[in-house]
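Trainee: Would you mind keeping the following structure in view while I ask a few things?
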Amino acid sequence: MNKFIFDVDGTLTPSRGKIDNDFAVFFSDFCSKKDVYLVTGSDKEKTIEQIGEEIYSLAKRVYNCSGSDVWEGETHIRSDNWKLSPSVRSYLINCLEESSFPLRTGLHIEERPGMVNFSVVGRNATLGERKLYVKHDQETQERDVIAELFNKEFPTLIARPGGETGIDISPLGKDKSQIVWDFDEHKDVLHFFGDRMDKLGNDYPLKQVILDNDLGFAYPVTGWQDTWEKLDENHVDRS
């Protein structure tokens with residue numbers, strides 16, 4: 001049976017933005033006909049802000065916080081209680097202080113069930129402030145550098161850039177790849193759509209476990225418009 005798994009930020013919505021109204025109509029219809037699952041680094045509240053209550057409830061299951069906080073509509077399935085250690089927090093604060101990007105907006109270390117999101121510009125940034133950081137990151141590859149150094153410093157944890165401005169941090173094995181064990185490897189064919197399937201991106205672990213174990217297919221996308229095109233033009237088996 002085909003199971004469709006979607007990242008949210010940058011795949012179904014603009015980064016940190018709300019889903020396009022016309023695409024929401026199309027995707028709601030798709031969810032009503034297919035087995036759809038969502039997997040995102042964001043928590044439940046932020047996910048609903050982006051895609052709305054209807055799509056959230058139409059999904060068979062939503063894997064928030066990269067699969068560490070799992071919901072079926074209003075039913076809470078499970079949650080991971082991992083917490084950030086003082087030494088890791090201090091390391092991230094030092095990264096923040098050493099960054100050459102001058103702007104700080106607050107909420108730079110956001111703790112979520114089973115993971116942490118780290119952002120130099122801060123989660124309180126406006127769209128314009130986020131765009132300034134995106135330009136800085138493209139020029140300096142700052143998030144990639146921070147993630148690589150972090151992973152050398154803390155080998156039991158993993159840091160991966162997610163979205164446009166953040167870095168998702170979790171214990172090894174507690175990334176998006178952890179969700180595959182909820183599916184039947186003998187019956188289910190997984191179709192995964194994500195915008196950060198590059199080796200450092202937070203969609204990469206799920207892509208790799210699907211491909212390495214012959215569990216289905218992975219579709220890199222460049223944005224919600226690309227996702228819509230791939231679904232609408234039957235680039236994947238939708239039966």
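We name chains A, B, ... following the order of the structure tokens; residues begin at 1 in each chain, and ligands are numbered from 1 as shown.
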For the interface of stretch 183-220 of chain A with stretch 7-12 of chain A (cut-off 7 Å, counting only C-alpha atoms), please tabulate each contacting residue of stretch 183-220 of chain A alongside its nearest pair of atoms and their separation in Å to one decimal, rows sorted by chain and increasing number, as a tab-separated table.

Mentor:
```
residue	atom	partner	partner_atom	distance
A:Phe193	CA	A:Asp7	CA	6.3
A:Gly194	CA	A:Asp7	CA	5.1
A:Asp195	CA	A:Thr11	CA	5.7
```

Trainee: At a cut-off of 8 Å, can you tabulate as CSV every residue of stretch 78-165 of chain A near stretch 197-201 of chain A together with its closest atom pair and the distance in Å to one decimal, using only C-alpha atoms and ordering rows by chain then number?

Mentor:
```
residue,atom,partner,partner_atom,distance
A:Asp144,CA,A:Leu200,CA,7.0
A:Arg160,CA,A:Gly201,CA,5.5
A:Pro161,CA,A:Gly201,CA,5.3
A:Gly162,CA,A:Gly201,CA,6.1
```

Trainee: Store the residues of this selection in a file with N, CA and C atoms, as a CSV table (one decimal), in the first residue's frame.

Mentor:
```csv
chain,number,residue,atom,x,y,z
A,144,ASP,N,26.0,25.1,8.0
A,144,ASP,CA,26.7,23.9,7.7
A,144,ASP,C,28.0,23.8,8.6
A,160,ARG,N,21.6,19.1,12.2
A,160,ARG,CA,21.4,19.2,10.8
A,160,ARG,C,20.6,20.5,10.5
A,161,PRO,N,21.1,21.3,9.5
A,161,PRO,CA,20.3,22.4,9.1
A,161,PRO,C,18.9,22.1,8.7
A,162,GLY,N,17.9,22.8,9.1
A,162,GLY,CA,16.5,22.6,8.8
A,162,GLY,C,15.9,23.9,8.5
```

Trainee: Write out as a ChimeraX atom specification which residues come within 8 Å of A:Leu190 when counting only C-alpha atoms, dropping same-chain ones fewer than 2 positions away.

Mentor: /A:2-5,188,192,210,215-217

Trainee: Under the rule that only C-alpha atoms are counted, which of A:Ile55, A:Ile146, A:Thr140, A:Lys33 is the nearest residue to A:Asn21?

Mentor: A:Ile55

Trainee: I need the residues of stretch 80-187 of chain A that end up classed as helix (DSSP H, G or I) by DSSP on the backbone, written out as a ChimeraX atom specification.

Mentor: /A:86-98,127-140,142-153,176-182

Trainee: Go ahead and write the selection's residues with C-alpha atoms as a PDB file, in the first residue's frame.

Mentor:
```pdb
ATOM      1  CA  PRO A  86      24.098  22.378  30.262  1.00  0.00           C
ATOM      2  CA  SER A  87      27.325  21.689  28.349  1.00  0.00           C
ATOM      3  CA  VAL A  88      25.533  21.604  24.986  1.00  0.00           C
ATOM      4  CA  ARG A  89      23.577  24.745  25.860  1.00  0.00           C
ATOM      5  CA  SER A  90      26.818  26.553  26.710  1.00  0.00           C
ATOM      6  CA  TYR A  91      28.347  25.422  23.428  1.00  0.00           C
ATOM      7  CA  LEU A  92      25.402  26.806  21.447  1.00  0.00           C
ATOM      8  CA  ILE A  93      25.495  30.111  23.310  1.00  0.00           C
ATOM      9  CA  ASN A  94      29.173  30.353  22.379  1.00  0.00           C
ATOM     10  CA  CYS A  95      28.288  29.684  18.721  1.00  0.00           C
ATOM     11  CA  LEU A  96      25.759  32.492  18.946  1.00  0.00           C
ATOM     12  CA  GLU A  97      28.312  34.891  20.393  1.00  0.00           C
ATOM     13  CA  GLU A  98      30.914  34.019  17.753  1.00  0.00           C
ATOM     14  CA  LEU A 127      10.296  37.699   7.365  1.00  0.00           C
ATOM     15  CA  GLY A 128      12.646  40.500   6.384  1.00  0.00           C
ATOM     16  CA  GLU A 129      15.106  39.626   9.136  1.00  0.00           C
ATOM     17  CA  ARG A 130      14.977  35.977   8.125  1.00  0.00           C
ATOM     18  CA  LYS A 131      15.800  36.928   4.532  1.00  0.00           C
ATOM     19  CA  LEU A 132      18.856  38.833   5.748  1.00  0.00           C
ATOM     20  CA  TYR A 133      20.065  35.740   7.566  1.00  0.00           C
ATOM     21  CA  VAL A 134      19.351  33.481   4.572  1.00  0.00           C
ATOM     22  CA  LYS A 135      21.606  35.732   2.455  1.00  0.00           C
ATOM     23  CA  HIS A 136      24.305  35.630   5.156  1.00  0.00           C
ATOM     24  CA  ASP A 137      24.056  31.835   5.410  1.00  0.00           C
ATOM     25  CA  GLN A 138      24.268  31.381   1.643  1.00  0.00           C
ATOM     26  CA  GLU A 139      27.416  33.508   1.560  1.00  0.00           C
ATOM     27  CA  THR A 140      29.129  31.936   4.587  1.00  0.00           C
ATOM     28  CA  GLU A 142      27.399  29.251   8.559  1.00  0.00           C
ATOM     29  CA  ARG A 143      24.799  26.619   9.483  1.00  0.00           C
ATOM     30  CA  ASP A 144      26.733  23.865   7.716  1.00  0.00           C
ATOM     31  CA  VAL A 145      29.908  24.878   9.526  1.00  0.00           C
ATOM     32  CA  ILE A 146      28.197  25.041  12.935  1.00  0.00           C
ATOM     33  CA  ALA A 147      26.548  21.642  12.377  1.00  0.00           C
ATOM     34  CA  GLU A 148      29.779  19.957  11.291  1.00  0.00           C
ATOM     35  CA  LEU A 149      31.753  21.311  14.264  1.00  0.00           C
ATOM     36  CA  PHE A 150      28.917  20.464  16.649  1.00  0.00           C
ATOM     37  CA  ASN A 151      28.789  16.860  15.440  1.00  0.00           C
ATOM     38  CA  LYS A 152      32.535  16.468  16.061  1.00  0.00           C
ATOM     39  CA  GLU A 153      32.205  17.941  19.536  1.00  0.00           C
ATOM     40  CA  LYS A 176      13.233  11.900  10.897  1.00  0.00           C
ATOM     41  CA  SER A 177      14.428   8.406  10.009  1.00  0.00           C
ATOM     42  CA  GLN A 178      12.936   7.057  13.241  1.00  0.00           C
ATOM     43  CA  ILE A 179       9.412   7.154  11.793  1.00  0.00           C
ATOM     44  CA  VAL A 180       9.967   4.319   9.300  1.00  0.00           C
ATOM     45  CA  TRP A 181       9.555   1.699  12.003  1.00  0.00           C
ATOM     46  CA  ASP A 182       5.864   2.600  12.237  1.00  0.00           C
TER      47      ASP A 182
END
```

Trainee: Would you return as a count of residues only the members of stretch 8-230 of chain A that DSSP assigns to strand (DSSP E or B) on this structure's backbone?

Mentor: 51

Trainee: From the set A:Ile19, A:Val121, A:Cys65, A:Ile169, which residue has the shortest atom-to-atom contact distance to A:Ser85, counting only C-alpha atoms?

Mentor: A:Ile169

Trainee: In Å, rounded to a single decimal, give me how far atom CA of A:Val70 is from atom CA of A:Lys174.

Mentor: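 Computed distance, atom CA of A:Lys174 to atom CA of A:Val70, equals 12.7 Å.
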
Trainee: Check the smallest atom-to-atom distance from each of A:Val189, A:Cys31, A:Leu84, A:Ile167 to A:Arg123 using only C-alpha atoms, then report the winner.

Mentor: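 Nearest to A:Arg123: A:Ile167.
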
Trainee: So, counting only C-alpha atoms, which residue among A:Gln50, A:Ser32, A:Ser42, A:Ser79 is closest to A:Gly17?

Mentor: A:Gln50
